[in-house]
file input01.cif (mmCIF, C-alpha atoms)
data_start
loop_
_atom_site.label_atom_id
_atom_site.label_comp_id
_atom_site.auth_asym_id
_atom_site.auth_seq_id
_atom_site.Cartn_x
_atom_site.Cartn_y
_atom_site.Cartn_z
CA MET A 1 0.00 0.00 0.00
CA ASN A 2 2.93 2.35 0.49
CA ALA A 3 3.64 2.23 -3.23
CA VAL A 4 0.10 3.26 -4.19
CA ASP A 5 0.18 6.87 -2.96
CA ALA A 6 3.98 7.12 -2.58
CA THR A 7 3.68 7.81 1.14
CA THR A 8 6.35 6.52 3.46
CA ARG A 9 4.28 5.96 6.55
CA SER A 10 7.13 4.28 8.37
CA ASN A 11 8.87 7.64 8.76
CA GLU A 12 5.85 9.44 10.15
CA VAL A 13 6.02 10.43 13.81
CA ASP A 14 3.04 10.83 16.07
CA THR A 15 2.98 14.52 17.03
CA THR A 16 0.09 14.33 19.47
CA ALA A 17 0.81 15.50 22.98
CA PRO A 18 1.34 12.69 25.51
CA SER A 19 -1.27 12.20 28.17
CA SER A 20 -0.64 13.85 31.51
CA LEU A 21 -1.53 12.42 34.91
CA LEU A 22 -2.16 14.91 37.73
CA CYS A 23 -2.29 13.56 41.28
CA VAL A 24 -3.70 16.06 43.78
CA ILE A 25 -3.17 15.47 47.50
CA LEU A 26 -5.67 17.46 49.55
CA ASP A 27 -4.95 17.96 53.22
CA THR A 28 -8.26 17.31 55.00
CA ASN A 29 -7.16 17.88 58.59
CA PRO A 30 -10.24 19.28 60.39
CA HIS A 31 -8.07 21.15 62.91
CA ALA A 32 -6.30 23.10 60.18
CA TRP A 33 -9.45 23.85 58.17
CA ASN A 34 -11.15 25.14 61.29
CA LEU A 35 -8.42 27.77 61.60
CA LEU A 36 -8.93 28.76 57.95
CA SER A 37 -12.73 28.82 58.07
CA SER A 38 -12.93 32.63 58.17
CA SER A 39 -10.96 33.23 54.95
CA LEU A 40 -10.95 29.88 53.13
CA PRO A 41 -13.51 27.23 54.11
CA LEU A 42 -13.05 23.70 52.85
CA SER A 43 -16.09 23.92 50.56
CA LYS A 44 -14.67 26.95 48.75
CA ALA A 45 -11.25 25.35 48.38
CA LEU A 46 -12.84 22.18 47.03
CA ALA A 47 -14.81 24.17 44.45
CA ASN A 48 -11.60 25.81 43.22
CA VAL A 49 -9.83 22.46 43.05
CA LEU A 50 -12.68 21.00 40.95
CA VAL A 51 -12.40 23.86 38.46
CA PHE A 52 -8.65 23.27 38.32
CA LEU A 53 -9.16 19.55 37.62
CA ASN A 54 -11.69 20.28 34.90
CA ALA A 55 -9.23 22.64 33.23
CA HIS A 56 -6.55 19.94 33.28
CA LEU A 57 -8.91 17.46 31.65
CA ALA A 58 -10.04 20.01 29.05
CA ILE A 59 -6.49 20.58 27.78
CA ASN A 60 -6.18 17.07 26.39
CA ALA A 61 -8.79 14.37 26.10
CA ALA A 62 -6.20 11.80 27.19
CA ASN A 63 -5.33 13.59 30.44
CA ARG A 64 -6.08 11.87 33.74
CA VAL A 65 -6.55 13.00 37.32
CA ALA A 66 -6.34 11.35 40.72
CA VAL A 67 -7.26 12.90 44.06
CA LEU A 68 -6.18 11.70 47.50
CA ALA A 69 -7.13 12.92 50.95
CA SER A 70 -4.36 13.21 53.52
CA HIS A 71 -6.40 12.81 56.69
CA THR A 72 -5.45 12.73 60.34
CA ASP A 73 -5.21 8.96 60.69
CA ARG A 74 -5.07 7.65 57.12
CA ALA A 75 -4.72 8.51 53.45
CA VAL A 76 -7.74 7.60 51.31
CA TRP A 77 -8.73 7.90 47.66
CA LEU A 78 -11.28 10.50 46.67
CA TYR A 79 -10.99 9.75 42.96
CA PRO A 80 -10.92 7.20 41.44
CA THR A 81 -13.29 5.51 43.85
CA PRO A 82 -12.08 2.12 45.10
CA ASP A 83 -14.30 -0.80 44.17
CA THR A 84 -16.16 -1.65 47.35
CA PRO A 85 -19.39 -3.60 47.83
CA GLY A 86 -22.31 -1.23 47.67
CA PRO A 87 -25.61 -1.35 49.59
CA GLN A 88 -28.52 -3.47 48.48
CA HIS A 89 -31.68 -2.06 46.95
CA GLY A 90 -33.57 -2.13 50.24
CA ASP A 91 -30.77 -0.61 52.30
CA ARG A 92 -30.84 2.89 50.84
CA THR A 93 -31.83 5.46 53.43
CA SER A 94 -30.84 8.77 51.80
CA PRO A 95 -30.94 10.32 48.35
CA ASP A 96 -27.14 10.37 48.28
CA ASP A 97 -27.09 6.57 48.21
CA GLU A 98 -28.43 6.74 44.67
CA LEU A 99 -24.93 7.74 43.56
CA THR A 100 -23.61 4.26 44.33
CA PRO A 101 -24.84 1.36 42.17
CA PRO A 102 -26.06 -1.77 43.97
CA ASP A 103 -23.06 -3.81 42.87
CA GLY A 104 -20.42 -1.24 43.85
CA GLY A 105 -18.05 0.25 41.28
CA PRO A 106 -17.72 3.85 40.12
CA VAL A 107 -19.95 6.58 41.44
CA GLN A 108 -22.65 7.72 39.05
CA PRO A 109 -23.48 11.42 38.53
CA PRO A 110 -26.71 12.74 40.04
CA SER A 111 -29.80 13.20 37.93
CA ASP A 112 -29.47 17.01 37.90
CA ALA A 113 -26.09 16.81 36.09
CA ALA A 114 -27.60 16.41 32.63
CA ASN A 115 -26.15 19.70 31.42
CA LYS A 116 -22.63 18.94 32.65
CA TYR A 117 -19.85 17.31 30.72
CA ARG A 118 -20.03 13.71 31.88
CA PRO A 119 -16.36 13.27 32.95
CA PHE A 120 -16.60 16.49 34.99
CA ALA A 121 -19.81 15.34 36.64
CA LEU A 122 -18.38 11.91 37.47
CA ILE A 123 -15.29 13.37 39.12
CA GLU A 124 -17.26 15.98 41.05
CA SER A 125 -19.76 13.44 42.37
CA ALA A 126 -17.08 10.95 43.38
CA ILE A 127 -14.93 13.51 45.19
CA LYS A 128 -17.81 15.11 47.08
CA ARG A 129 -19.29 11.80 48.13
CA ASN A 130 -16.02 10.24 49.26
CA LEU A 131 -15.01 13.38 51.12
CA ALA A 132 -18.36 13.49 52.92
CA THR A 133 -17.94 9.83 53.87
CA LEU A 134 -14.44 10.49 55.18
CA MET A 135 -15.56 13.40 57.34
CA SER A 136 -18.57 11.52 58.71
CA THR A 137 -16.42 8.56 59.78
CA THR A 138 -13.91 10.77 61.63
CA THR A 139 -14.59 10.53 65.35
CA PRO A 140 -13.54 13.05 68.05
CA GLU A 141 -11.25 10.42 69.53
CA ILE A 142 -9.26 10.26 66.29
CA LEU A 143 -8.97 14.04 66.16
CA PHE A 144 -7.76 14.14 69.75
CA GLU A 145 -5.13 11.46 69.24
CA THR A 146 -3.67 12.63 65.92
CA PRO A 147 -3.79 16.39 65.28
CA THR A 148 -1.47 16.11 62.25
CA THR A 149 -1.94 14.62 58.79
CA MET A 150 -0.63 11.54 56.95
CA ILE A 151 1.18 13.28 54.11
CA ALA A 152 3.82 10.54 53.77
CA GLY A 153 1.16 7.88 53.19
CA ALA A 154 -0.58 10.02 50.58
CA LEU A 155 2.68 10.56 48.70
CA THR A 156 3.34 6.82 48.73
CA LEU A 157 -0.12 6.05 47.33
CA ALA A 158 0.31 8.68 44.62
CA LEU A 159 3.68 7.28 43.53
CA THR A 160 2.27 3.75 43.48
CA HIS A 161 -0.68 4.86 41.33
CA ILE A 162 1.65 6.67 38.92
CA SER A 163 3.91 3.64 38.55
CA LYS A 164 0.95 1.36 37.91
CA LEU A 165 -0.58 3.58 35.21
CA SER A 166 2.83 4.09 33.62
CA LEU A 167 3.27 0.36 33.21
CA LEU A 168 -0.23 0.02 31.78
CA ALA A 169 0.42 2.87 29.34
CA SER A 170 3.63 1.30 28.00
CA PRO A 171 3.61 -0.40 24.56
CA ASN A 172 1.75 -3.69 24.20
CA GLN A 173 4.08 -6.21 25.80
CA SER A 174 3.83 -8.88 28.40
CA SER A 175 3.93 -7.80 32.02
CA ALA A 176 7.37 -9.27 32.56
CA GLN A 177 8.84 -7.62 29.46
CA THR A 178 7.20 -4.33 30.29
CA THR A 179 8.63 -4.30 33.79
CA GLN A 180 12.14 -5.07 32.57
CA SER A 181 12.23 -2.83 29.50
CA SER A 182 10.37 0.28 30.62
CA PHE A 183 12.16 0.90 33.91
CA ASN A 184 14.87 -0.68 35.98
CA TYR A 185 14.71 0.51 39.58
CA SER A 186 18.29 -0.54 40.33
CA ASP A 187 19.95 0.98 37.25
CA PRO A 188 20.32 4.79 37.40
CA SER A 189 21.02 4.94 33.66
CA SER A 190 17.80 3.21 32.66
CA GLY A 191 14.59 4.86 31.57
CA THR A 192 12.02 6.11 34.03
CA ALA A 193 8.57 4.66 34.53
CA GLY A 194 6.00 7.36 34.06
CA SER A 195 8.49 10.21 34.15
CA ASN A 196 8.67 13.37 32.11
CA ASN A 197 11.98 12.52 30.44
CA LEU A 198 12.33 8.84 29.67
CA ASN A 199 15.41 9.13 27.46
CA PRO A 200 17.10 12.52 27.79
CA ASN A 201 20.04 11.56 25.53
CA ALA A 202 17.88 10.51 22.60
CA SER A 203 16.66 12.69 19.79
CA ALA A 204 13.46 14.68 19.93
CA ASP A 205 11.47 12.17 17.91
CA ALA A 206 12.72 9.19 19.87
CA SER A 207 12.13 10.84 23.22
CA HIS A 208 8.63 11.84 22.17
CA ALA A 209 7.86 8.27 21.17
CA THR A 210 8.76 7.05 24.65
CA GLN A 211 6.78 9.73 26.49
CA ILE A 212 3.73 7.60 27.08
CA LEU A 213 2.52 9.30 30.26
CA THR A 214 3.83 12.39 32.03
CA SER A 215 3.02 12.62 35.72
CA ARG A 216 3.21 15.14 38.54
CA ILE A 217 1.95 15.57 42.10
CA LEU A 218 0.34 18.64 43.64
CA VAL A 219 0.10 18.90 47.44
CA LEU A 220 -2.35 21.35 49.04
CA SER A 221 -1.05 21.55 52.59
CA THR A 222 -2.79 23.06 55.61
CA SER A 223 -1.17 21.23 58.55
CA PRO A 224 2.20 21.79 60.21
CA GLU A 225 4.90 19.25 59.54
CA ASN A 226 5.20 16.17 61.70
CA PRO A 227 8.83 15.29 62.51
CA THR A 228 7.84 11.66 63.13
CA GLN A 229 7.13 11.30 59.39
CA TYR A 230 10.56 12.51 58.35
CA ILE A 231 11.88 9.11 57.25
CA PRO A 232 8.84 8.00 55.15
CA THR A 233 8.57 11.49 53.64
CA MET A 234 12.22 11.43 52.61
CA ASN A 235 11.76 7.94 51.15
CA ALA A 236 8.87 9.20 49.03
CA LEU A 237 10.94 12.24 48.05
CA PHE A 238 13.84 10.11 46.82
CA ALA A 239 11.44 7.80 44.96
CA ALA A 240 9.85 10.76 43.17
CA GLN A 241 13.27 12.16 42.38
CA ARG A 242 14.36 8.78 40.98
CA LEU A 243 11.22 8.55 38.85
CA GLN A 244 11.62 12.21 37.75
CA ILE A 245 8.14 13.12 39.00
CA PRO A 246 7.90 16.77 40.12
CA ILE A 247 6.14 17.50 43.41
CA ASP A 248 4.40 20.89 43.56
CA VAL A 249 3.44 22.28 46.95
CA LEU A 250 0.81 24.94 47.71
CA PRO A 251 0.69 25.78 51.45
CA LEU A 252 -2.65 27.31 52.44
CA SER A 253 -1.94 28.06 56.09
CA PRO A 254 0.82 30.10 57.78
CA HIS A 255 1.45 27.03 59.96
CA SER A 256 1.85 24.67 56.97
CA LYS A 257 5.22 25.91 55.69
CA SER A 258 6.78 22.48 55.91
CA THR A 259 10.53 22.04 55.72
CA PHE A 260 10.12 18.55 54.28
CA LEU A 261 7.79 19.67 51.49
CA GLN A 262 10.16 22.51 50.59
CA GLN A 263 12.92 19.96 50.19
CA ALA A 264 10.61 17.74 48.12
CA ALA A 265 9.80 20.57 45.71
CA ASP A 266 13.45 21.53 45.41
CA ALA A 267 14.75 17.99 44.88
CA THR A 268 12.13 17.02 42.27
CA GLY A 269 12.08 20.29 40.34
CA GLY A 270 8.58 21.30 41.48
CA LEU A 271 7.12 24.60 42.62
CA TYR A 272 6.64 25.81 46.18
CA ILE A 273 4.37 28.87 46.25
CA PRO A 274 2.81 29.87 49.60
CA CYS A 275 -0.80 31.03 49.59
CA THR A 276 -1.22 31.81 53.27
CA THR A 277 -2.84 35.25 53.55
CA PRO A 278 -6.57 36.08 53.34
CA LEU A 279 -5.90 38.14 50.20
CA ALA A 280 -4.13 35.18 48.60
CA HIS A 281 -6.99 32.87 49.61
CA ALA A 282 -9.37 35.05 47.58
CA GLY A 283 -7.24 34.30 44.51
CA LEU A 284 -6.70 30.59 45.10
CA LEU A 285 -8.09 29.70 41.68
CA GLN A 286 -5.66 32.12 40.05
CA TYR A 287 -2.76 30.42 41.85
CA LEU A 288 -3.93 27.03 40.58
CA MET A 289 -4.65 28.03 36.99
CA LEU A 290 -1.61 30.21 36.30
CA ALA A 291 1.12 28.51 38.33
CA PHE A 292 0.22 24.83 38.65
CA LEU A 293 -1.80 24.08 35.51
CA PRO A 294 1.17 23.84 33.07
CA ASP A 295 2.78 20.43 33.20
CA ALA A 296 6.50 19.70 33.17
CA THR A 297 6.65 19.77 29.37
CA ALA A 298 5.04 23.21 29.11
CA ARG A 299 7.14 24.64 31.96
CA ARG A 300 10.26 24.34 29.82
CA TYR A 301 9.01 27.25 27.72
CA LEU A 302 7.57 29.36 30.55
CA VAL A 303 9.01 31.56 33.26
CA MET A 304 7.38 30.03 36.31
CA PRO A 305 6.64 32.16 39.39
CA GLY A 306 8.04 31.57 42.83
CA GLY A 307 10.37 28.61 42.93
CA SER A 308 11.23 25.73 45.19
CA GLY A 309 11.89 28.03 48.14
CA GLY A 310 8.82 30.23 47.94
CA GLU A 311 8.47 33.97 47.53
CA GLY A 312 12.03 35.18 47.95
CA GLU A 313 12.80 32.50 50.52
CA GLY A 314 15.55 29.95 50.51
CA VAL A 315 15.00 26.25 50.95
CA ASP A 316 15.25 25.07 54.53
CA PHE A 317 17.50 22.01 54.39
CA ARG A 318 17.31 21.18 58.08
CA ALA A 319 16.61 17.57 59.03
CA ALA A 320 14.83 15.82 61.88
CA CYS A 321 16.84 13.75 64.32
CA PHE A 322 16.18 10.03 64.50
CA CYS A 323 16.08 9.92 68.30
CA HIS A 324 13.61 12.63 69.33
CA ARG A 325 12.20 13.70 65.90
CA ARG A 326 13.33 17.28 66.45
CA ILE A 327 14.38 19.67 63.71
CA VAL A 328 18.08 20.32 64.23
CA ASP A 329 20.61 22.69 62.71
CA VAL A 330 23.70 20.84 63.95
CA GLY A 331 23.72 17.20 65.01
CA TYR A 332 25.63 13.94 65.07
CA VAL A 333 25.65 11.66 62.02
CA CYS A 334 26.31 7.92 62.05
CA SER A 335 29.16 7.11 59.67
CA ILE A 336 27.53 3.79 58.68
CA CYS A 337 23.82 4.48 58.03
CA LEU A 338 23.91 8.33 58.05
CA SER A 339 21.31 8.55 60.81
CA ILE A 340 21.06 11.98 62.44
CA PHE A 341 20.98 12.46 66.22
CA CYS A 342 20.54 15.64 68.22
CA GLU A 343 22.54 14.29 71.16
CA VAL A 344 25.39 11.89 71.70
CA VAL A 345 23.98 8.38 71.48
CA PRO A 346 24.12 6.39 74.75
CA ASP A 347 27.00 3.90 75.03
CA GLY A 348 28.16 5.00 71.55
CA VAL A 349 25.75 2.61 69.78
CA CYS A 350 23.74 3.82 66.78
CA LEU A 351 20.00 3.55 67.43
CA THR A 352 19.29 2.67 63.79
CA CYS A 353 21.92 0.18 62.64
CA GLY A 354 23.49 -0.80 65.99
CA SER A 355 27.03 0.10 64.94
CA VAL A 356 29.47 1.02 67.68
CA LEU A 357 30.56 4.60 67.15
CA ALA A 358 33.83 5.89 68.56
CA MET A 359 33.59 9.50 69.58
CA GLY A 360 37.39 9.81 69.85
CA SER A 361 38.48 13.02 71.48
CA PHE A 362 35.19 14.81 70.86
CA GLY A 363 34.28 17.15 73.71
CA LYS A 364 37.69 17.04 75.35
CA LYS A 365 39.78 20.14 75.74
CA THR A 366 42.85 20.01 73.60
CA GLU A 367 46.09 21.13 75.24
CA GLY A 368 47.90 23.67 73.18
CA VAL A 369 51.56 23.35 72.24
CA LYS A 370 53.80 25.05 74.77
CA LYS A 371 55.75 27.87 73.26
CA LYS A 372 59.44 28.26 74.06
CA LYS A 373 60.38 31.40 75.93
CA LYS A 374 62.55 33.76 73.98
CA LYS A 375 65.69 35.15 75.63
CA ARG A 376 65.62 38.86 76.10
CA ARG A 377 68.58 40.82 74.92
CA ILE A 378 70.02 43.39 77.36
CA GLU A 379 70.69 46.74 75.87
CA GLY A 380 74.14 48.33 76.22
CA GLY A 381 76.30 45.29 75.73
CA ALA A 382 76.48 41.96 74.13
CA GLY A 383 77.36 40.15 77.37
CA SER A 384 75.25 39.40 80.33
CA GLY A 385 77.04 42.01 82.49
CA ALA A 386 77.98 39.55 85.24
CA GLY A 387 81.64 38.74 85.98
CA THR A 388 83.16 35.41 85.16
CA PRO A 389 83.54 33.30 88.31
CA MET A 390 87.15 32.38 89.14
CA GLU A 391 88.62 29.84 91.51
CA VAL A 392 90.26 31.21 94.68
#
call {"tool": "encode", "arguments": {"input": "input01.cif", "output": "structure tokens"}}
result
Amino acid sequence: MNAVDATTRSNEVDTTAPSSLLCVILDTNPHAWNLLSSSLPLSKALANVLVFLNAHLAINAANRVAVLASHTDRAVWLYPTPDTPGPQHGDRTSPDDELTPPDGGPVQPPSDAANKYRPFALIESAIKRNLATLMSTTTPEILFETPTTMIAGALTLALTHISKLSLLASPNQSSAQTTQSSFNYSDPSSGTAGSNNLNPNASADASHATQILTSRILVLSTSPENPTQYIPTMNALFAAQRLQIPIDVLPLSPHSKSTFLQQAADATGGLYIPCTTPLAHAGLLQYLMLAFLPDATARRYLVMPGGSGGEGEGVDFRAACFCHRRIVDVGYVCSICLSIFCEVVPDGVCLTCGSVLAMGSFGKKTEGVKKKKKKRRIEGGAGSGAGTPMEV
């Protein structure tokens, strides 16, 4: 057939934009949202996030979204809805139960959503219903025990979802071949599963052919950082950096300027733009649409606002100690496992790996080298001035 119209189809390159996956992590800590209720209630923030998600889907028909809730005691999916057994026909007690089919599965849009674009209506219904279920199942005992949020668990779920969809979006191969050819987790020179630059050394056409799915994570934070989650947060940070997945951070509260999330945005090439004042809360949608809507491919041709450190701020690279989970400026580091301690470990044994650490002469006062006294020269003569003793 190539000889009929003299067209060499083998040299044609698909110029369509690759699909983009946006994972949004919404901090749903009731304590934090109660402090923001005067300037930015949760319902208003959720409405702005839904508009932002719809805009991402409208850019490309192949784009995808995923929304997670970082709650006080767990991280749960808001969209897509997990497949759970639904209620029976006779167990429905409220009109909202009509959103869930009897056999479980995805949430259906309400009957008054006939004039909405169906994908927008499905996402809106699923997020609102799952968020309402999450808030209704949160007891006062849980709020009293855990006033922080599970941001590390939400990041882990987002990275797992991105890796899974990246493998499914790879060329038609067997599962074993796909796992070995698309990404090798132990080889730093191999391609990246679901990243934004699978083959940076290849040509433009070859790199475009391998860009099956570009992914990024956006974190809307309202809670202060929890030093006890330092290790899992750093593990998620290094995994995202290895997969070349940028992590964007949008703090919404003055108390949510997290040191760990600043480091995550800086290490992965994401944006960290604080939105913590009442005036900034009024323009939350503008922050989302103008700063965080462009994906990693489009950001190469744009001058992005802010940066990894925030508005004129540098990145805080302080770490949390492994013994008391305190943020430290200067500490002690194990030479074997690189664990950080704010105090000298007892008995010189590392609390992480158990290695015996020799402190040497640390903390002891060093004696300075004694200087020799110089002889003073007496003016007026070269001799000492005293007579030479003689025998009598």
call {"tool": "residues_near_point", "arguments": {"input": "input01.cif", "point": "(17.0, 16.0, 41.9)", "cutoff": "8 Å", "atoms": "only C-alpha atoms", "output": "PyMOL selection string"}}
result
chain A and resi 241-242+244+266-269
call {"tool": "write_last_selection", "arguments": {"input": "input01.cif", "atoms": "C-alpha atoms", "output": "PDB file, in the frame of the given file"}}
result
ATOM      1  CA  GLN A 241      13.270  12.160  42.380  1.00  0.00           C
ATOM      2  CA  ARG A 242      14.360   8.780  40.980  1.00  0.00           C
ATOM      3  CA  GLN A 244      11.620  12.210  37.750  1.00  0.00           C
ATOM      4  CA  ASP A 266      13.450  21.530  45.410  1.00  0.00           C
ATOM      5  CA  ALA A 267      14.750  17.990  44.880  1.00  0.00           C
ATOM      6  CA  THR A 268      12.130  17.020  42.270  1.00  0.00           C
ATOM      7  CA  GLY A 269      12.080  20.290  40.340  1.00  0.00           C
TER       8      GLY A 269
END
call {"tool": "atom_distance", "arguments": {"input": "input01.cif", "atom1": "atom CA of A:Pro251", "atom2": "atom CA of A:His161"}}
result
23.3 Å
call {"tool": "atom_distance", "arguments": {"input": "input01.cif", "atom1": "atom CA of A:Ile340", "atom2": "atom CA of A:Ile327"}}
result
10.3 Å
call {"tool": "atom_distance", "arguments": {"input": "input01.cif", "atom1": "atom CA of A:Cys275", "atom2": "atom CA of A:Glu124"}}
result
23.9 Å
call {"tool": "resolve_selection", "arguments": {"input": "input01.cif", "expression": "the PyMOL selection byres ((chain A and resi 262) around 10)", "output": "list in words"}}
result
Ile247, Asp248, Val249, Lys257, Ser258, Thr259, Phe260, Leu261, Gln263, Ala264, Ala265, Asp266, Ala267, Gly270, Leu271, Tyr272, Ile273, Gly307, Ser308, Gly309, Gly310, Gly314, Val315, Asp316 and Phe317 of chain A
call {"tool": "closest_residue", "arguments": {"input": "input01.cif", "among": "A:Pro254, A:Gly348, A:Pro227, A:Pro18", "to": "A:Arg318", "atoms": "all atoms listed in the file"}}
result
A:Pro227
call {"tool": "closest_residue", "arguments": {"input": "input01.cif", "among": "A:His324, A:Leu26, A:Arg299, A:Leu357", "to": "A:Leu338", "atoms": "all atoms listed in the file"}}
result
A:Leu357
call {"tool": "residues_around", "arguments": {"input": "input01.cif", "residues": "stretch 148-154 of chain A", "least_positions_apart": "6", "cutoff": "9 Å", "atoms": "all atoms listed in the file", "output": "PDB file with C-alpha atoms, keeping the file's coordinate frame"}}
result
ATOM      1  CA  ILE A  25      -3.170  15.470  47.500  1.00  0.00           C
ATOM      2  CA  ASP A  27      -4.950  17.960  53.220  1.00  0.00           C
ATOM      3  CA  THR A  28      -8.260  17.310  55.000  1.00  0.00           C
ATOM      4  CA  ASN A  29      -7.160  17.880  58.590  1.00  0.00           C
ATOM      5  CA  HIS A  31      -8.070  21.150  62.910  1.00  0.00           C
ATOM      6  CA  ALA A  32      -6.300  23.100  60.180  1.00  0.00           C
ATOM      7  CA  LEU A  68      -6.180  11.700  47.500  1.00  0.00           C
ATOM      8  CA  ALA A  69      -7.130  12.920  50.950  1.00  0.00           C
ATOM      9  CA  SER A  70      -4.360  13.210  53.520  1.00  0.00           C
ATOM     10  CA  HIS A  71      -6.400  12.810  56.690  1.00  0.00           C
ATOM     11  CA  THR A  72      -5.450  12.730  60.340  1.00  0.00           C
ATOM     12  CA  ASP A  73      -5.210   8.960  60.690  1.00  0.00           C
ATOM     13  CA  ARG A  74      -5.070   7.650  57.120  1.00  0.00           C
ATOM     14  CA  ALA A  75      -4.720   8.510  53.450  1.00  0.00           C
ATOM     15  CA  VAL A  76      -7.740   7.600  51.310  1.00  0.00           C
ATOM     16  CA  TRP A  77      -8.730   7.900  47.660  1.00  0.00           C
ATOM     17  CA  VAL A 219       0.100  18.900  47.440  1.00  0.00           C
ATOM     18  CA  SER A 221      -1.050  21.550  52.590  1.00  0.00           C
ATOM     19  CA  SER A 223      -1.170  21.230  58.550  1.00  0.00           C
ATOM     20  CA  PRO A 224       2.200  21.790  60.210  1.00  0.00           C
ATOM     21  CA  GLU A 225       4.900  19.250  59.540  1.00  0.00           C
ATOM     22  CA  ASN A 226       5.200  16.170  61.700  1.00  0.00           C
ATOM     23  CA  GLN A 229       7.130  11.300  59.390  1.00  0.00           C
ATOM     24  CA  TYR A 230      10.560  12.510  58.350  1.00  0.00           C
ATOM     25  CA  ILE A 231      11.880   9.110  57.250  1.00  0.00           C
ATOM     26  CA  PRO A 232       8.840   8.000  55.150  1.00  0.00           C
ATOM     27  CA  THR A 233       8.570  11.490  53.640  1.00  0.00           C
ATOM     28  CA  MET A 234      12.220  11.430  52.610  1.00  0.00           C
ATOM     29  CA  ASN A 235      11.760   7.940  51.150  1.00  0.00           C
ATOM     30  CA  ALA A 236       8.870   9.200  49.030  1.00  0.00           C
TER      31      ALA A 236
END
call {"tool": "residues_around", "arguments": {"input": "input01.cif", "residues": "A:Leu50", "least_positions_apart": "5", "cutoff": "9 Å", "atoms": "all atoms listed in the file", "output": "list in words"}}
result
Ala45, Ala55, Phe120, Ile123, Glu124 and Ile127 of chain A
call {"tool": "closest_residue", "arguments": {"input": "input01.cif", "among": "A:Lys128, A:Arg118, A:Lys44, A:Lys164", "to": "A:Thr81", "atoms": "only C-alpha atoms"}}
result
A:Lys128
call {"tool": "residues_around", "arguments": {"input": "input01.cif", "residues": "A:Phe322", "least_positions_apart": "3", "cutoff": "9 Å", "atoms": "all atoms listed in the file", "output": "number ranges by chain"}}
result
A: 228, 230-231, 325-326, 339-342, 351-352
call {"tool": "resolve_selection", "arguments": {"input": "input01.cif", "expression": "the PyMOL selection byres ((chain A and resi 23) around 10)", "output": "count of residues only"}}
result
25
call {"tool": "axis_aligned_box", "arguments": {"input": "input01.cif", "around": "stretch 56-62 of chain A", "padding_each_side": "5 Å", "output": "lines of an AutoDock Vina configuration file"}}
result
center_x = -8.1
center_y = 16.2
center_z = 29.7
size_x = 13.9
size_y = 18.8
size_z = 17.2
call {"tool": "residues_around", "arguments": {"input": "input01.cif", "residues": "A:Val344", "least_positions_apart": "2", "cutoff": "10 Å", "atoms": "only C-alpha atoms", "output": "PyMOL selection string"}}
result
chain A and resi 331-333+341-342+346-350+359
call {"tool": "closest_residue", "arguments": {"input": "input01.cif", "among": "A:Leu220, A:Leu134, A:Ala239, A:Ile212", "to": "A:Thr156", "atoms": "all atoms listed in the file"}}
result
A:Ala239
call {"tool": "closest_residue", "arguments": {"input": "input01.cif", "among": "A:Leu131, A:Leu57, A:Cys321, A:Leu302", "to": "A:Leu42", "atoms": "all atoms listed in the file"}}
result
A:Leu131
